[in-house]
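Below: the structure, in structure tokens.
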Amino acid sequence: MAGDPARFFCAEAARERGDGLAGTAPHGRVWVLIEHPGGWPPNGFEGLGLEPALAARVFAAAQTRRARILLVRRPGRRRATEPRRWAVLHHDRGAHRQTWGTWEADADLDGVVNALHSPGTTGHPPVVLVCAHGLHDVCCAVRGRPVAAALAARHPRLVWECTHVGGDRFAANVAVLPDGVYYGNLDAASAGTTLAEHLADRVAATHLRGYTDLPPPAQVAVAALLARHGPAARHAYEVVGTERADDGWRVRVAGTPPHPALSEVEVRAHRTAPHRLTCRGAAPSTYLAHEAVAVRTLRGPETMLPPQ
């Protein structure tokens, strides 16, 4: 991304440092999406200007479910006659569930509170979010909007721009929900390939930040197996044990054929040197970086016997 050499861009700096993607997906199993096509305040939902009592109810209900609230909008211009939508998305390994509604007046968002306490329904297509929150971080807008436009051209019903999803320095960031899969360091071309693979239930390690239902060491372990054995279905690997070691973790992961039935991944973490991690944050910060240092196959692919 060319520009004024005196201006700092966190995504450029992260690529120059070689910041690792794996293990950086924020935890989450429930998300609240609220369509707001106008300008987004820096702090998203907190600055949306809803009636205070209603905003407090929605926020409290989201906190109870540990849900993340994101503002969304379709890429490009929105017709004023279209109703705004909201959604509550639940990640469940057995069946991902969603609840959708529309809102015109603030009071209509009471439906969000009710939906947070109901399981929702299955059978919905995934939601593809591209962070394009420019007032939060300029890299998210500069890198995110072209990716959102490119993906929306292919999948107009799936793709939304959204507010801050975390990890500004990995822009463009894409979250596929409620699958709970975060991808980063994307451009228009790589985003198209990555999403096409994901929609075919093939998750690759190349741009994977992690699975949001796993802690960072387990995210790194799964990413290491995907890198070694190739793309796999979202639930092809299951973390079955994590043991704390003196210098990190030993993560045991069960796989489905044709992947190894049981693997062990050694993961270590280290505190980085201080760096500027966002465009807006001038003060350098450290972070805990996780890395897979060894991968062992404990049991190979199971042999599938024909039925008798």
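Convention: chains lettered A, B, ... in structure tokens order; per-chain residue numbering from 1; ligands numbered from 1 as shown.
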Selection near region 223-235 of chain A, 7 Å with only C-alpha atoms, sequence-local residues under 3 positions removed, as JSON, numbers by chain
{"A": [22, 201, 202, 203, 204, 205, 219, 220, 238, 292]}
Writing out the chosen residues with N, CA and C atoms as a PDB file, in the first residue's frame:
```
ATOM      1  N   ALA A  22      -1.531 -17.431  13.038  1.00  0.00           N
ATOM      2  CA  ALA A  22      -2.155 -18.518  13.785  1.00  0.00           C
ATOM      3  C   ALA A  22      -2.257 -18.185  15.267  1.00  0.00           C
ATOM      4  N   ASP A 201     -16.125 -26.335   2.357  1.00  0.00           N
ATOM      5  CA  ASP A 201     -15.737 -26.994   3.610  1.00  0.00           C
ATOM      6  C   ASP A 201     -14.300 -27.480   3.556  1.00  0.00           C
ATOM      7  N   ARG A 202     -13.441 -26.600   3.067  1.00  0.00           N
ATOM      8  CA  ARG A 202     -12.010 -26.861   3.054  1.00  0.00           C
ATOM      9  C   ARG A 202     -11.310 -25.635   3.636  1.00  0.00           C
ATOM     10  N   VAL A 203     -10.816 -25.772   4.856  1.00  0.00           N
ATOM     11  CA  VAL A 203     -10.109 -24.683   5.526  1.00  0.00           C
ATOM     12  C   VAL A 203      -8.615 -24.907   5.329  1.00  0.00           C
ATOM     13  N   ALA A 204      -7.935 -23.900   4.784  1.00  0.00           N
ATOM     14  CA  ALA A 204      -6.493 -23.979   4.567  1.00  0.00           C
ATOM     15  C   ALA A 204      -5.777 -23.126   5.604  1.00  0.00           C
ATOM     16  N   ALA A 205      -4.505 -23.446   5.827  1.00  0.00           N
ATOM     17  CA  ALA A 205      -3.730 -22.764   6.866  1.00  0.00           C
ATOM     18  C   ALA A 205      -3.185 -21.417   6.414  1.00  0.00           C
ATOM     19  N   GLN A 219      -5.665 -23.229  18.683  1.00  0.00           N
ATOM     20  CA  GLN A 219      -5.752 -22.670  17.336  1.00  0.00           C
ATOM     21  C   GLN A 219      -4.471 -22.930  16.558  1.00  0.00           C
ATOM     22  N   VAL A 220      -3.344 -22.706  17.216  1.00  0.00           N
ATOM     23  CA  VAL A 220      -2.043 -22.900  16.562  1.00  0.00           C
ATOM     24  C   VAL A 220      -1.839 -24.368  16.217  1.00  0.00           C
ATOM     25  N   GLU A 238     -10.395 -32.244  16.054  1.00  0.00           N
ATOM     26  CA  GLU A 238     -10.976 -31.926  17.360  1.00  0.00           C
ATOM     27  C   GLU A 238      -9.879 -31.977  18.417  1.00  0.00           C
ATOM     28  N   ALA A 292       3.881 -23.159  16.765  1.00  0.00           N
ATOM     29  CA  ALA A 292       4.028 -24.611  16.815  1.00  0.00           C
ATOM     30  C   ALA A 292       5.491 -24.956  16.525  1.00  0.00           C
TER      31      ALA A 292
END
```
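Neighbours of Leu70 (chain A) closer than or equal to 7 Å, with only C-alpha atoms counted and sequence neighbours fewer than 6 positions away skipped, come out as Val32, Leu33, Ile34, Phe45, Cys162 and Thr163 of chain A.
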Selected residue of minimal separation from Ala105 (chain A) among A:Glu51, A:Glu82, A:Asp92, A:Glu266, counting only C-alpha atoms:
A:Glu51
Would you please work out which residue, of A:Glu161, A:Asp187, A:Glu291, A:Asp246, is nearest to His270 (chain A) when using only C-alpha atoms?
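Ranked by minimum distance to His270 (chain A), first place goes to A:Glu291.
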Please identify all polymer residues within 7 Å of Ala289 (chain A), counting only C-alpha atoms, omitting same-chain residues fewer than 5 positions from it, and present them as a JSON list (two decimals) with C-alpha atoms, in the first residue's frame.
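Result file is result35.json:
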```json
[["chain", "number", "residue", "atom", "x", "y", "z"],
["A", 269, "ALA", "CA", 4.62, -18.67, 23.41],
["A", 270, "HIS", "CA", 6.86, -15.67, 23.85],
["A", 271, "ARG", "CA", 6.32, -12.01, 24.64],
["A", 272, "THR", "CA", 7.34, -9.88, 21.67]]
```
Got a sec to tell me which of region 22-91 of chain A DSSP assigns to strand (DSSP E or B), as a PyMOL selection string?
chain A and resi 30-35+68-73+84-90
Can I get the selected residues back with N, CA, C and O atoms, as a short mmCIF file (atom, residue, chain, number, x, y, z; two decimals), in the first residue's frame?
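Wrote again07.cif, looks like this:
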```
data_model
loop_
_atom_site.label_atom_id
_atom_site.label_comp_id
_atom_site.auth_asym_id
_atom_site.auth_seq_id
_atom_site.Cartn_x
_atom_site.Cartn_y
_atom_site.Cartn_z
N VAL A 30 -21.01 -16.57 20.10
CA VAL A 30 -22.28 -15.88 19.82
C VAL A 30 -21.95 -14.47 19.33
O VAL A 30 -21.10 -13.78 19.91
N TRP A 31 -22.65 -14.05 18.27
CA TRP A 31 -22.43 -12.73 17.70
C TRP A 31 -23.77 -12.06 17.44
O TRP A 31 -24.74 -12.70 17.03
N VAL A 32 -23.82 -10.75 17.68
CA VAL A 32 -24.98 -9.93 17.36
C VAL A 32 -24.58 -8.99 16.23
O VAL A 32 -23.61 -8.24 16.36
N LEU A 33 -25.32 -9.04 15.15
CA LEU A 33 -25.09 -8.15 14.01
C LEU A 33 -26.24 -7.16 13.91
O LEU A 33 -27.41 -7.56 13.93
N ILE A 34 -25.91 -5.88 13.82
CA ILE A 34 -26.93 -4.83 13.69
C ILE A 34 -26.59 -4.01 12.46
O ILE A 34 -25.51 -3.39 12.39
N GLU A 35 -27.48 -4.00 11.49
CA GLU A 35 -27.22 -3.25 10.26
C GLU A 35 -27.35 -1.76 10.51
O GLU A 35 -28.37 -1.28 11.03
N ARG A 68 -20.52 -10.93 21.00
CA ARG A 68 -19.88 -9.74 20.46
C ARG A 68 -20.87 -9.01 19.57
O ARG A 68 -21.55 -9.63 18.74
N ILE A 69 -20.99 -7.70 19.75
CA ILE A 69 -21.89 -6.88 18.95
C ILE A 69 -21.11 -6.20 17.84
O ILE A 69 -20.10 -5.53 18.09
N LEU A 70 -21.56 -6.37 16.60
CA LEU A 70 -20.91 -5.78 15.44
C LEU A 70 -21.95 -5.03 14.61
O LEU A 70 -23.06 -5.53 14.39
N LEU A 71 -21.59 -3.84 14.15
CA LEU A 71 -22.40 -3.15 13.16
C LEU A 71 -22.01 -3.66 11.78
O LEU A 71 -20.84 -3.92 11.52
N VAL A 72 -23.02 -3.79 10.91
CA VAL A 72 -22.75 -4.30 9.57
C VAL A 72 -23.48 -3.45 8.54
O VAL A 72 -24.44 -2.74 8.85
N ARG A 73 -23.00 -3.55 7.31
CA ARG A 73 -23.67 -2.91 6.17
C ARG A 73 -23.25 -3.65 4.91
O ARG A 73 -22.18 -4.27 4.86
N ARG A 84 -33.62 -2.30 7.56
CA ARG A 84 -32.36 -2.73 8.18
C ARG A 84 -32.58 -4.06 8.89
O ARG A 84 -33.66 -4.36 9.39
N ARG A 85 -31.52 -4.85 8.97
CA ARG A 85 -31.64 -6.19 9.55
C ARG A 85 -30.77 -6.32 10.79
O ARG A 85 -29.81 -5.57 10.97
N TRP A 86 -31.13 -7.27 11.62
CA TRP A 86 -30.27 -7.67 12.73
C TRP A 86 -30.22 -9.20 12.74
O TRP A 86 -31.09 -9.87 12.17
N ALA A 87 -29.20 -9.73 13.38
CA ALA A 87 -29.08 -11.18 13.47
C ALA A 87 -28.36 -11.55 14.76
O ALA A 87 -27.52 -10.79 15.27
N VAL A 88 -28.70 -12.71 15.28
CA VAL A 88 -27.96 -13.33 16.38
C VAL A 88 -27.49 -14.69 15.88
O VAL A 88 -28.29 -15.52 15.45
N LEU A 89 -26.18 -14.88 15.93
CA LEU A 89 -25.56 -16.09 15.38
C LEU A 89 -24.94 -16.90 16.52
O LEU A 89 -24.21 -16.36 17.34
N HIS A 90 -25.23 -18.20 16.54
CA HIS A 90 -24.72 -19.09 17.58
C HIS A 90 -23.83 -20.15 16.94
O HIS A 90 -24.26 -20.83 16.00
#
```
Please provide the set of residues having any atom within 7 Å of Tyr237 (chain A), restricted to only C-alpha atoms, with same-chain residues fewer than 3 positions apart removed, written as a VMD selection string.
chain A and resid 222 253 to 256
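Considering the residues A:Arg29, A:Arg143, A:Arg169, A:Arg157 and counting only C-alpha atoms, Arg276 (chain A) has its shortest atom-to-atom contact with A:Arg169.
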Contacts of Glu46 (chain A) at 12 Å or less, counting only C-alpha atoms, minus same-chain residues fewer than 3 places along, as a PDB file with C-alpha atoms, in the first residue's frame?
```pdb
ATOM      1  CA  TRP A  40     -19.755   4.038  12.150  1.00  0.00           C
ATOM      2  CA  PRO A  41     -18.444   5.700  15.309  1.00  0.00           C
ATOM      3  CA  PRO A  42     -14.957   4.644  16.468  1.00  0.00           C
ATOM      4  CA  ASN A  43     -16.379   2.460  19.231  1.00  0.00           C
ATOM      5  CA  GLY A  49     -26.922   6.767  19.517  1.00  0.00           C
ATOM      6  CA  LEU A  50     -29.692   4.316  20.409  1.00  0.00           C
ATOM      7  CA  GLU A  51     -32.208   5.093  23.136  1.00  0.00           C
ATOM      8  CA  PRO A  52     -30.077   4.609  26.286  1.00  0.00           C
ATOM      9  CA  LEU A  54     -32.671  -0.054  25.048  1.00  0.00           C
ATOM     10  CA  ALA A  55     -28.942   0.060  24.340  1.00  0.00           C
ATOM     11  CA  ALA A  56     -28.305  -0.980  27.944  1.00  0.00           C
ATOM     12  CA  VAL A  58     -29.111  -5.161  24.405  1.00  0.00           C
ATOM     13  CA  PHE A  59     -25.617  -4.731  25.817  1.00  0.00           C
ATOM     14  CA  ILE A  69     -21.894  -6.882  18.949  1.00  0.00           C
ATOM     15  CA  LEU A  70     -20.909  -5.776  15.440  1.00  0.00           C
ATOM     16  CA  LEU A  71     -22.403  -3.149  13.159  1.00  0.00           C
ATOM     17  CA  THR A 163     -16.985  -2.919  12.528  1.00  0.00           C
TER      18      THR A 163
END
```
Any idea what the distance is between CA of Asp179 (chain A) and CA of His124 (chain A)?
11.4 Å
Please provide the set of residues having any atom within 10 Å of Thr278 (chain A), restricted to only C-alpha atoms, with same-chain residues fewer than 3 positions apart removed, written as a ChimeraX atom specification.
/A:8-11,13-14,136-140,167-170,275,281-285
Selection: 10 Å around Ala153 (chain A), only C-alpha atoms, excl. self and same-chain fewer than 6 positions, as a VMD selection string:
chain A and resid 75 147 159
Same residues, N, CA and C atoms, saved as a short mmCIF file (atom, residue, chain, number, x, y, z; two decimals), in the first residue's frame:
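New file result30.cif:
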```
data_model
loop_
_atom_site.label_atom_id
_atom_site.label_comp_id
_atom_site.auth_asym_id
_atom_site.auth_seq_id
_atom_site.Cartn_x
_atom_site.Cartn_y
_atom_site.Cartn_z
N PRO A 75 -21.71 -3.93 1.28
CA PRO A 75 -20.75 -3.13 0.51
C PRO A 75 -21.47 -2.30 -0.55
N VAL A 147 -11.65 -5.84 -0.54
CA VAL A 147 -11.94 -7.25 -0.35
C VAL A 147 -13.45 -7.48 -0.25
N VAL A 159 -22.16 -11.51 1.99
CA VAL A 159 -21.06 -10.64 2.42
C VAL A 159 -21.58 -9.33 3.01
#
```
Could you tell me which of A:Thr194, A:Leu135, A:Thr99, A:Ala294 comes closest to Thr122 (chain A) if we count only C-alpha atoms?
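Smallest distance to Thr122 (chain A) is found for A:Thr99.
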Picked from region 28-255 of chain A by DSSP as helix (DSSP H, G or I), as a ChimeraX atom specification
/A:44-47,52-64,106-116,138-154,168-170,188-199,216-229
Atomic separation - CA of Val239 (chain A) relative to CA of Leu21 (chain A), Å:
19.1 Å
